[in-house]
$ cat coords_28.cif   # mmCIF, C-alpha atoms
data_final
#
loop_
_atom_site.label_atom_id
_atom_site.label_comp_id
_atom_site.auth_asym_id
_atom_site.auth_seq_id
_atom_site.Cartn_x
_atom_site.Cartn_y
_atom_site.Cartn_z
CA MET X 1 -29.78 15.79 -14.42
CA ALA X 2 -26.25 14.38 -14.34
CA THR X 3 -23.31 16.41 -13.10
CA ARG X 4 -21.63 18.07 -16.08
CA ILE X 5 -18.03 17.10 -16.86
CA ASP X 6 -15.57 17.50 -19.70
CA TRP X 7 -13.66 14.23 -19.55
CA GLN X 8 -12.41 12.97 -22.89
CA GLY X 9 -9.15 11.79 -24.41
CA VAL X 10 -6.34 9.79 -22.82
CA PHE X 11 -6.10 9.58 -19.02
CA PRO X 12 -2.99 7.54 -18.10
CA ALA X 13 -3.36 5.45 -14.98
CA VAL X 14 -0.31 7.02 -13.37
CA THR X 15 2.29 4.87 -11.63
CA THR X 16 3.23 5.52 -8.01
CA GLN X 17 6.98 5.81 -7.56
CA PHE X 18 8.85 4.15 -4.68
CA ARG X 19 12.37 4.40 -3.25
CA GLY X 20 14.69 1.44 -2.70
CA ASP X 21 13.19 0.88 0.77
CA PHE X 22 9.68 0.90 -0.79
CA SER X 23 8.76 4.22 0.80
CA LEU X 24 6.76 6.65 -1.30
CA ASP X 25 8.98 8.74 -3.57
CA ARG X 26 7.05 11.99 -3.69
CA ASP X 27 9.46 13.88 -5.93
CA ALA X 28 9.67 11.08 -8.50
CA THR X 29 5.89 10.72 -8.57
CA HIS X 30 5.59 14.48 -9.14
CA ARG X 31 8.08 14.24 -12.05
CA VAL X 32 6.13 11.39 -13.66
CA VAL X 33 2.91 13.41 -13.56
CA THR X 34 4.59 16.60 -14.77
CA ALA X 35 6.10 14.78 -17.76
CA LEU X 36 2.76 13.26 -18.79
CA VAL X 37 1.02 16.62 -18.71
CA ALA X 38 3.88 18.18 -20.70
CA ASP X 39 3.43 15.47 -23.34
CA GLY X 40 -0.18 16.47 -23.88
CA VAL X 41 -2.34 13.87 -22.16
CA SER X 42 -5.93 14.85 -21.54
CA GLY X 43 -6.25 13.83 -17.90
CA LEU X 44 -4.80 11.72 -15.10
CA ILE X 45 -5.90 8.80 -12.96
CA VAL X 46 -4.00 8.41 -9.68
CA GLY X 47 -4.39 5.51 -7.29
CA GLY X 48 -5.78 3.11 -9.86
CA THR X 49 -4.65 -0.46 -10.39
CA VAL X 50 -1.44 0.68 -12.09
CA GLY X 51 -0.92 3.16 -9.25
CA GLU X 52 -0.88 0.26 -6.75
CA ASN X 53 -3.77 1.70 -4.76
CA CYS X 54 -4.13 -1.32 -2.49
CA SER X 55 -0.43 -1.16 -1.58
CA LEU X 56 -0.76 2.40 -0.25
CA THR X 57 -1.57 3.58 3.23
CA HIS X 58 -4.51 5.90 3.76
CA ALA X 59 -2.15 8.85 4.21
CA GLU X 60 -0.21 7.96 1.06
CA LYS X 61 -3.39 7.86 -1.01
CA ARG X 62 -4.13 11.42 0.09
CA GLU X 63 -0.54 12.44 -0.68
CA ILE X 64 -0.55 11.18 -4.25
CA MET X 65 -3.81 13.02 -4.89
CA GLU X 66 -2.19 16.24 -3.69
CA ILE X 67 0.99 15.56 -5.66
CA ALA X 68 -0.95 15.03 -8.87
CA LYS X 69 -3.08 18.13 -8.37
CA ASP X 70 0.03 20.21 -7.82
CA ALA X 71 1.86 18.76 -10.84
CA ALA X 72 -1.16 19.10 -13.12
CA GLY X 73 -1.57 22.73 -12.11
CA GLY X 74 -5.18 22.86 -13.27
CA ARG X 75 -4.23 22.06 -16.86
CA VAL X 76 -5.94 18.66 -16.95
CA PRO X 77 -8.48 16.91 -14.70
CA VAL X 78 -7.17 14.63 -11.96
CA ILE X 79 -9.29 11.64 -10.96
CA ALA X 80 -8.49 9.62 -7.83
CA GLY X 81 -9.02 5.88 -7.59
CA VAL X 82 -11.15 4.57 -4.74
CA ALA X 83 -10.52 0.88 -4.05
CA GLU X 84 -11.61 -0.27 -0.60
CA PHE X 85 -12.99 -3.33 1.19
CA THR X 86 -16.24 -1.77 2.39
CA THR X 87 -18.60 0.95 1.28
CA ALA X 88 -17.86 2.93 4.45
CA PHE X 89 -14.12 2.82 3.75
CA ALA X 90 -14.76 3.87 0.14
CA VAL X 91 -16.82 6.83 1.32
CA GLU X 92 -14.03 7.83 3.69
CA THR X 93 -11.46 7.77 0.87
CA ALA X 94 -13.81 9.65 -1.45
CA ARG X 95 -14.21 12.37 1.17
CA GLU X 96 -10.42 12.59 1.44
CA ALA X 97 -10.33 13.03 -2.35
CA ARG X 98 -12.82 15.87 -2.04
CA LEU X 99 -10.62 17.58 0.53
CA ALA X 100 -7.54 17.05 -1.65
CA GLY X 101 -9.25 19.03 -4.40
CA VAL X 102 -9.26 16.41 -7.15
CA ASP X 103 -11.71 16.72 -10.01
CA GLY X 104 -13.40 13.37 -9.62
CA ILE X 105 -13.15 9.81 -8.35
CA MET X 106 -12.93 6.41 -10.05
CA VAL X 107 -14.65 3.87 -7.82
CA MET X 108 -14.00 0.13 -7.96
CA PRO X 109 -16.37 -2.53 -6.61
CA ALA X 110 -15.82 -3.47 -2.98
CA LEU X 111 -12.63 -5.50 -2.98
CA VAL X 112 -12.39 -9.20 -2.08
CA TYR X 113 -16.14 -9.68 -1.55
CA SER X 114 -17.88 -11.40 -4.47
CA ALA X 115 -21.04 -9.32 -4.50
CA LYS X 116 -24.48 -9.99 -5.87
CA PRO X 117 -25.54 -7.53 -8.60
CA PHE X 118 -27.78 -5.52 -6.28
CA GLU X 119 -24.96 -5.31 -3.72
CA THR X 120 -22.55 -4.03 -6.36
CA ALA X 121 -25.06 -1.34 -7.33
CA ALA X 122 -25.62 -0.44 -3.68
CA HIS X 123 -21.87 0.02 -3.13
CA PHE X 124 -21.57 2.52 -5.97
CA ARG X 125 -24.77 4.28 -4.94
CA GLY X 126 -23.52 4.55 -1.38
CA VAL X 127 -20.38 6.35 -2.49
CA ALA X 128 -22.13 8.49 -5.10
CA THR X 129 -24.71 9.82 -2.66
CA ALA X 130 -22.19 10.50 0.11
CA VAL X 131 -19.74 12.67 -1.79
CA ASP X 132 -20.37 15.57 -4.15
CA LEU X 133 -17.72 14.63 -6.71
CA PRO X 134 -18.13 13.42 -10.30
CA MET X 135 -17.70 9.66 -10.26
CA MET X 136 -16.47 7.11 -12.77
CA VAL X 137 -17.59 3.53 -12.18
CA TYR X 138 -14.77 1.08 -12.88
CA ASN X 139 -15.49 -2.41 -14.22
CA ASN X 140 -12.63 -4.92 -14.36
CA PRO X 141 -14.06 -8.39 -13.68
CA PRO X 142 -10.88 -10.33 -14.61
CA ILE X 143 -9.02 -8.58 -11.77
CA TYR X 144 -11.68 -7.64 -9.21
CA ARG X 145 -14.09 -10.59 -9.71
CA ASN X 146 -17.24 -8.48 -9.70
CA ASP X 147 -18.84 -7.68 -13.04
CA VAL X 148 -20.53 -4.29 -13.37
CA THR X 149 -22.91 -5.18 -16.18
CA PRO X 150 -24.74 -2.62 -18.32
CA ASP X 151 -27.90 -3.42 -16.33
CA ILE X 152 -26.18 -2.55 -13.06
CA LEU X 153 -24.81 0.72 -14.39
CA ALA X 154 -28.14 1.70 -15.96
CA SER X 155 -29.75 1.27 -12.54
CA LEU X 156 -27.50 4.10 -11.29
CA ALA X 157 -28.71 6.61 -13.89
CA ASP X 158 -30.62 8.54 -11.24
CA CYS X 159 -27.40 9.21 -9.27
CA GLU X 160 -26.41 12.66 -10.47
CA THR X 161 -22.74 12.31 -9.60
CA VAL X 162 -22.26 9.01 -11.48
CA VAL X 163 -21.07 10.44 -14.78
CA ALA X 164 -18.69 7.97 -16.44
CA PHE X 165 -17.97 4.29 -16.90
CA LYS X 166 -14.61 2.60 -17.42
CA GLU X 167 -15.05 -0.75 -19.16
CA SER X 168 -12.15 -3.19 -18.76
CA SER X 169 -13.87 -6.51 -19.33
CA GLY X 170 -12.56 -6.72 -22.89
CA ASP X 171 -16.09 -7.22 -24.20
CA THR X 172 -16.65 -4.20 -26.41
CA ARG X 173 -20.28 -5.21 -26.95
CA ARG X 174 -20.88 -3.67 -23.53
CA PHE X 175 -20.62 -0.17 -25.04
CA VAL X 176 -23.51 -0.93 -27.40
CA ASP X 177 -25.59 -2.64 -24.72
CA LEU X 178 -25.15 0.28 -22.34
CA ARG X 179 -26.07 2.82 -24.98
CA ASN X 180 -29.22 0.83 -25.76
CA LEU X 181 -30.13 0.87 -22.06
CA ALA X 182 -29.10 4.38 -21.04
CA GLY X 183 -28.51 6.40 -24.22
CA ASP X 184 -25.74 8.94 -23.73
CA ARG X 185 -26.30 9.25 -19.96
CA PHE X 186 -22.73 8.16 -19.16
CA VAL X 187 -19.37 9.17 -20.63
CA LEU X 188 -17.79 5.91 -21.74
CA PHE X 189 -14.10 5.14 -21.23
CA ALA X 190 -12.07 2.34 -22.74
CA GLY X 191 -10.27 0.60 -19.90
CA LEU X 192 -8.35 -2.19 -21.62
CA ASP X 193 -5.47 -0.98 -23.76
CA ASP X 194 -5.62 -3.61 -26.48
CA THR X 195 -9.26 -2.93 -27.35
CA VAL X 196 -9.05 0.86 -27.46
CA LEU X 197 -9.63 1.47 -31.14
CA GLU X 198 -12.67 -0.80 -31.20
CA SER X 199 -13.98 0.86 -28.04
CA VAL X 200 -13.68 4.32 -29.56
CA VAL X 201 -15.49 3.23 -32.72
CA LEU X 202 -18.30 2.00 -30.46
CA GLY X 203 -18.58 5.27 -28.56
CA ALA X 204 -15.82 5.56 -25.96
CA GLU X 205 -14.99 9.22 -25.40
CA GLY X 206 -11.99 8.56 -23.17
CA TRP X 207 -9.29 5.98 -22.51
CA VAL X 208 -7.86 5.10 -19.10
CA SER X 209 -4.55 3.81 -20.37
CA GLY X 210 -1.64 1.87 -18.91
CA LEU X 211 0.88 1.99 -21.75
CA SER X 212 0.31 5.69 -22.38
CA ASN X 213 2.49 6.16 -19.31
CA VAL X 214 5.31 4.96 -21.56
CA PHE X 215 4.28 6.47 -24.90
CA PRO X 216 1.87 9.31 -24.05
CA LYS X 217 2.10 11.11 -27.40
CA GLU X 218 1.49 7.91 -29.32
CA GLY X 219 -1.45 7.03 -27.08
CA GLU X 220 -3.09 10.42 -27.41
CA THR X 221 -2.51 10.46 -31.17
CA LEU X 222 -4.02 6.99 -31.60
CA PHE X 223 -7.05 7.99 -29.58
CA ARG X 224 -7.62 11.22 -31.47
CA LEU X 225 -7.27 9.54 -34.85
CA ALA X 226 -9.89 7.00 -33.83
CA ARG X 227 -12.23 9.70 -32.51
CA GLU X 228 -11.90 11.63 -35.75
CA GLY X 229 -12.69 8.52 -37.80
CA ARG X 230 -9.22 8.48 -39.35
CA ILE X 231 -9.01 4.71 -39.07
CA ALA X 232 -6.68 4.18 -42.03
CA GLU X 233 -4.15 6.46 -40.32
CA ALA X 234 -4.78 4.93 -36.90
CA MET X 235 -4.22 1.32 -37.94
CA PRO X 236 -0.43 1.42 -38.53
CA LEU X 237 0.01 3.12 -35.15
CA TYR X 238 -2.31 0.60 -33.47
CA GLU X 239 -0.41 -2.31 -35.04
CA TRP X 240 2.91 -0.86 -33.85
CA PHE X 241 1.53 -0.35 -30.34
CA MET X 242 -0.40 -3.62 -29.99
CA PRO X 243 2.38 -5.92 -28.68
CA LEU X 244 2.87 -3.51 -25.79
CA LEU X 245 -0.85 -2.89 -25.30
CA HIS X 246 -1.32 -6.62 -24.66
CA LEU X 247 0.74 -6.19 -21.47
CA ASP X 248 -2.17 -4.26 -19.96
CA ALA X 249 -4.27 -7.45 -19.98
CA ARG X 250 -1.78 -9.52 -17.96
CA ALA X 251 -2.04 -10.25 -14.24
CA ASP X 252 1.41 -8.66 -13.82
CA LEU X 253 0.44 -5.56 -15.77
CA VAL X 254 1.84 -3.21 -13.11
CA GLN X 255 5.30 -4.77 -13.21
CA CYS X 256 5.23 -4.83 -17.03
CA ILE X 257 4.14 -1.21 -17.38
CA LYS X 258 6.66 -0.01 -14.82
CA ALA X 259 9.41 -1.98 -16.56
CA CYS X 260 8.53 -0.30 -19.86
CA GLU X 261 8.40 3.07 -18.13
CA HIS X 262 11.87 2.48 -16.70
CA ILE X 263 13.31 1.43 -20.07
CA ALA X 264 11.85 4.58 -21.62
CA GLY X 265 13.46 6.72 -18.90
CA ARG X 266 10.14 7.87 -17.48
CA GLY X 267 10.12 6.25 -14.04
CA SER X 268 11.27 3.44 -11.77
CA ASP X 269 10.35 -0.21 -12.28
CA ARG X 270 10.07 -0.77 -8.52
CA THR X 271 6.79 -2.18 -7.20
CA ARG X 272 5.71 -2.82 -3.63
CA PRO X 273 5.35 -6.40 -2.41
CA PRO X 274 3.41 -8.54 -2.88
CA ARG X 275 4.18 -7.41 -6.44
CA LEU X 276 7.70 -8.70 -7.07
CA PRO X 277 10.05 -7.99 -9.99
CA LEU X 278 9.49 -9.82 -13.26
CA THR X 279 11.39 -13.08 -13.64
CA PRO X 280 14.46 -12.91 -15.91
CA GLU X 281 12.47 -14.55 -18.71
CA GLU X 282 9.57 -12.13 -18.32
CA ARG X 283 11.91 -9.17 -18.13
CA ALA X 284 13.68 -10.29 -21.32
CA GLU X 285 10.31 -10.53 -23.07
CA VAL X 286 9.34 -6.99 -22.07
CA GLU X 287 12.76 -5.63 -22.97
CA GLY X 288 12.46 -7.24 -26.40
CA LEU X 289 9.09 -5.64 -26.98
CA MET X 290 10.46 -2.27 -25.97
CA ARG X 291 13.54 -2.60 -28.19
CA THR X 292 11.32 -3.30 -31.17
CA ALA X 293 8.94 -0.46 -30.30
CA LEU X 294 11.71 2.08 -29.86
CA ALA X 295 13.49 0.97 -33.03
CA THR X 296 10.33 1.22 -35.13
CA ARG X 297 8.68 4.21 -33.42
CA PRO X 298 6.45 5.73 -36.11
CA ALA X 299 6.11 9.31 -37.26
CA LEU X 300 2.85 10.59 -35.86
CA PRO X 301 0.06 12.08 -37.98
CA ASP X 302 -1.00 15.59 -37.03
CA VAL X 303 -3.86 15.62 -34.55
CA GLY X 304 -3.14 19.01 -32.99
CA LEU X 305 -1.30 17.42 -30.10
CA GLY X 306 0.74 19.68 -27.87
CA ALA X 307 1.59 20.16 -24.25
CA ALA X 308 -1.44 20.93 -22.10
CA ALA X 309 -1.93 24.65 -21.86
#
$ encode --input "coords_28.cif" --output "structure tokens"
Amino acid sequence: MATRIDWQGVFPAVTTQFRGDFSLDRDATHRVVTALVADGVSGLIVGGTVGENCSLTHAEKREIMEIAKDAAGGRVPVIAGVAEFTTAFAVETAREARLAGVDGIMVMPALVYSAKPFETAAHFRGVATAVDLPMMVYNNPPIYRNDVTPDILASLADCETVVAFKESSGDTRRFVDLRNLAGDRFVLFAGLDDTVLESVVLGAEGWVSGLSNVFPKEGETLFRLAREGRIAEAMPLYEWFMPLLHLDARADLVQCIKACEHIAGRGSDRTRPPRLPLTPEERAEVEGLMRTALATRPALPDVGLGAAA
């Protein structure tokens, strides 16, 4: 019997805010989280790829978990990213997440090492059996070089705490293949912004989103329209959003998303090295996309969206 959860809707992968000297800006990070919750998102991911997990110290990872829990105030679930080099390190971070009081963890494959399929499965199983927290398995082979295939995830069905799967390969057929293998055992999350509508049609119940940091109401509305089968209403919003959603598939997605966030007045565009600022040409491209998006921002259909209670 799997651990029961209620994870659905849009979970922005929250950015981590830094000061001019690249130290952690706790107050600014708290404001970012508070604003997202006020805009009605369904949940939060901290310490994911967009949150620059691998640029944070161990102590800072714990801090951003605590910041997010405080800002969310129990109104939405908070899930902490776990991205480490070894299974033992991942277990240590997951235990810190448990102590910080978050609602779950999102675990990436062991970083750097190109694992064999059985090793990938063993890494997730090692974390899942060591910590009593609901766990989302995160697949992003273009970035992390290890592919968590439907077969690998299905082999983890006996792990009670493995409850959800974030699919960022861009191959939406994976949702169908996984359902054929494991039925509705796992809660499926879209993980790549520019395939979200297709992912929802194929069974995704949630969306870990990058660009919903910038336009949270639009992201949540798009997701809810798709979940309700209101595709004709969703398509104009999806078409408006798509040029920005493509940024989530770039190698410099963190810089792009933070630049958009800064332009929208929602946060700083500062990233920690080795992530450096966008080149002038790249920055001009992102600014152009944002100008168009802001100038043509659509009226949103009613989906019952409001600030989280």
$ residues_around --input "coords_28.cif" --residues "Arg227 (chain X)" --least-positions-apart "4" --cutoff "12 Å" --atoms "all atoms listed in the file" --output "ChimeraX atom specification"
/X:8-10,196-207,220-223,231,233-234,303
$ residues_around --input "coords_28.cif" --residues "Gly47 (chain X)" --least-positions-apart "6" --cutoff "7 Å" --atoms "all atoms listed in the file" --output "NGL selection string"
:X and (53 or 61 or 80-81)
$ resolve_selection --input "coords_28.cif" --expression "the PyMOL selection byres ((chain X and resi 11-18) around 9)" --output "VMD selection string"
chain X and resid 7 to 10 19 to 30 32 to 33 36 41 to 53 64 77 to 79 206 to 213 216 220 254 257 to 258 267 to 272
$ atom_distance --input "coords_28.cif" --atom1 "CA of Lys69 (chain X)" --atom2 "CA of Glu96 (chain X)"
13.4 Å
$ residues_around --input "coords_28.cif" --residues "region 100-107 of chain X" --least-positions-apart "6" --cutoff "10 Å" --atoms "all atoms listed in the file" --output "PyMOL selection string"
chain X and resi 5+7+44-48+62-70+74+76-84+90-91+93-94+123-124+127-128+131-139+161-166
$ resolve_selection --input "coords_28.cif" --expression "the PyMOL selection byres ((chain X and resi 154) around 10)" --output "PyMOL selection string"
chain X and resi 121+149-153+155-158+178-183+185-186
$ atom_distance --input "coords_28.cif" --atom1 "CA of Tyr113 (chain X)" --atom2 "CA of Val187 (chain X)"
27.0 Å
$ resolve_selection --input "coords_28.cif" --expression "the PyMOL selection byres ((chain X and resi 117) around 9)" --output "number ranges by chain"
X: 115-116, 118-122, 146-149, 152
$ closest_residue --input "coords_28.cif" --among "X:Ala71, X:Met242, X:Leu237, X:Val214" --to "Glu261 (chain X)" --atoms "only C-alpha atoms"
X:Val214
$ atom_distance --input "coords_28.cif" --atom1 "CA of Leu247 (chain X)" --atom2 "CA of Arg145 (chain X)"
19.4 Å
$ closest_residue --input "coords_28.cif" --among "X:Leu253, X:Ala97, X:Cys260, X:Leu289" --to "Glu60 (chain X)" --atoms "only C-alpha atoms"
X:Ala97
$ residues_around --input "coords_28.cif" --residues "Trp240 (chain X)" --least-positions-apart "5" --cutoff "10 Å" --atoms "all atoms listed in the file" --output "CSV table (one decimal) with C-alpha atoms, keeping the file's coordinate frame"
chain,number,residue,atom,x,y,z
X,218,GLU,CA,1.5,7.9,-29.3
X,235,MET,CA,-4.2,1.3,-37.9
X,245,LEU,CA,-0.8,-2.9,-25.3
X,292,THR,CA,11.3,-3.3,-31.2
X,293,ALA,CA,8.9,-0.5,-30.3
X,296,THR,CA,10.3,1.2,-35.1
X,297,ARG,CA,8.7,4.2,-33.4
X,298,PRO,CA,6.4,5.7,-36.1
$ closest_residue --input "coords_28.cif" --among "X:Pro109, X:Pro301, X:Phe85, X:Ala35" --to "Arg230 (chain X)" --atoms "all atoms listed in the file"
X:Pro301
$ residues_around --input "coords_28.cif" --residues "Glu285 (chain X)" --least-positions-apart "6" --cutoff "12 Å" --atoms "only C-alpha atoms" --output "list in words"
Pro243, Leu244, Leu247, Cys256, Ala259, Cys260, Leu278, Thr279, Arg291 and Thr292 of chain X
$ closest_residue --input "coords_28.cif" --among "X:Gly126, X:Pro274, X:Pro142, X:Gly191" --to "Ala251 (chain X)" --atoms "only C-alpha atoms"
X:Pro142
$ closest_residue --input "coords_28.cif" --among "X:Ala249, X:Ala72, X:Cys159, X:Ala38" --to "Ile143 (chain X)" --atoms "all atoms listed in the file"
X:Ala249
$ axis_aligned_box --input "coords_28.cif" --around "region 278-297 of chain X" --padding-each-side "3 Å" --output "AutoDock Vina command-line options"
--center_x 11.6 --center_y -5.2 --center_z -24.2 --size_x 11.8 --size_y 24.8 --size_z 27.9
$ residues_near_point --input "coords_28.cif" --point "(-5.4, 17.0, -37.1)" --cutoff "9 Å" --atoms "only C-alpha atoms" --output "PDB file with C-alpha atoms, in the frame of the given file"
ATOM      1  CA  ARG X 224      -7.620  11.220 -31.470  1.00  0.00           C
ATOM      2  CA  LEU X 225      -7.270   9.540 -34.850  1.00  0.00           C
ATOM      3  CA  GLU X 228     -11.900  11.630 -35.750  1.00  0.00           C
ATOM      4  CA  PRO X 301       0.060  12.080 -37.980  1.00  0.00           C
ATOM      5  CA  ASP X 302      -1.000  15.590 -37.030  1.00  0.00           C
ATOM      6  CA  VAL X 303      -3.860  15.620 -34.550  1.00  0.00           C
ATOM      7  CA  GLY X 304      -3.140  19.010 -32.990  1.00  0.00           C
ATOM      8  CA  LEU X 305      -1.300  17.420 -30.100  1.00  0.00           C
TER       9      LEU X 305
END
$ decode --input "coords_28.cif" --residues "region 17-38 of chain X" --atoms "N, CA, C and O atoms" --output "compact mmCIF listing (two decimals), in the first residue's frame"
# COMPACT_ATOMS: atom_id res chain seq x y z
N GLN X 17 17.12 32.87 -3.84
CA GLN X 17 17.55 34.26 -4.04
C GLN X 17 18.91 34.51 -3.37
O GLN X 17 19.15 34.05 -2.24
N PHE X 18 19.77 35.26 -4.08
CA PHE X 18 21.10 35.56 -3.57
C PHE X 18 21.35 37.06 -3.53
O PHE X 18 20.79 37.82 -4.32
N ARG X 19 22.22 37.48 -2.62
CA ARG X 19 22.65 38.88 -2.54
C ARG X 19 23.77 39.13 -3.56
O ARG X 19 24.23 38.21 -4.24
N GLY X 20 24.22 40.39 -3.61
CA GLY X 20 25.27 40.76 -4.55
C GLY X 20 26.57 40.02 -4.34
O GLY X 20 27.35 39.85 -5.28
N ASP X 21 26.83 39.55 -3.10
CA ASP X 21 28.05 38.79 -2.83
C ASP X 21 27.81 37.29 -2.95
O ASP X 21 28.64 36.48 -2.55
N PHE X 22 26.65 36.91 -3.49
CA PHE X 22 26.24 35.52 -3.73
C PHE X 22 25.89 34.76 -2.45
O PHE X 22 25.71 33.54 -2.48
N SER X 23 25.78 35.46 -1.34
CA SER X 23 25.29 34.80 -0.12
C SER X 23 23.78 34.62 -0.22
O SER X 23 23.10 35.31 -0.98
N LEU X 24 23.28 33.66 0.53
CA LEU X 24 21.85 33.36 0.51
C LEU X 24 21.05 34.54 1.05
O LEU X 24 21.32 35.02 2.15
N ASP X 25 20.08 34.99 0.27
CA ASP X 25 19.19 36.07 0.71
C ASP X 25 17.92 35.43 1.26
O ASP X 25 16.99 35.11 0.53
N ARG X 26 17.90 35.25 2.56
CA ARG X 26 16.80 34.55 3.21
C ARG X 26 15.49 35.32 3.09
O ARG X 26 14.44 34.74 2.79
N ASP X 27 15.54 36.62 3.33
CA ASP X 27 14.31 37.42 3.28
C ASP X 27 13.71 37.43 1.88
O ASP X 27 12.49 37.32 1.71
N ALA X 28 14.56 37.59 0.87
CA ALA X 28 14.06 37.63 -0.51
C ALA X 28 13.49 36.27 -0.92
O ALA X 28 12.47 36.21 -1.62
N THR X 29 14.12 35.19 -0.49
CA THR X 29 13.59 33.86 -0.79
C THR X 29 12.23 33.68 -0.13
O THR X 29 11.29 33.12 -0.73
N HIS X 30 12.09 34.14 1.09
CA HIS X 30 10.81 34.07 1.80
C HIS X 30 9.74 34.85 1.04
O HIS X 30 8.60 34.39 0.89
N ARG X 31 10.10 36.03 0.54
CA ARG X 31 9.12 36.85 -0.21
C ARG X 31 8.67 36.16 -1.50
O ARG X 31 7.50 36.22 -1.86
N VAL X 32 9.62 35.52 -2.19
CA VAL X 32 9.27 34.81 -3.42
C VAL X 32 8.25 33.71 -3.13
O VAL X 32 7.25 33.57 -3.84
N VAL X 33 8.50 32.93 -2.09
CA VAL X 33 7.59 31.85 -1.74
C VAL X 33 6.23 32.40 -1.31
O VAL X 33 5.17 31.90 -1.73
N THR X 34 6.24 33.42 -0.48
CA THR X 34 4.99 34.02 -0.01
C THR X 34 4.14 34.50 -1.17
O THR X 34 2.91 34.30 -1.20
N ALA X 35 4.76 35.14 -2.16
CA ALA X 35 4.02 35.67 -3.30
C ALA X 35 3.41 34.55 -4.14
O ALA X 35 2.28 34.66 -4.63
N LEU X 36 4.14 33.46 -4.31
CA LEU X 36 3.60 32.34 -5.09
C LEU X 36 2.38 31.73 -4.41
O LEU X 36 1.37 31.43 -5.07
N VAL X 37 2.46 31.55 -3.11
CA VAL X 37 1.32 30.99 -2.38
C VAL X 37 0.13 31.95 -2.47
O VAL X 37 -1.02 31.53 -2.67
N ALA X 38 0.38 33.25 -2.34
CA ALA X 38 -0.69 34.24 -2.43
C ALA X 38 -1.36 34.23 -3.80
O ALA X 38 -2.55 34.53 -3.93
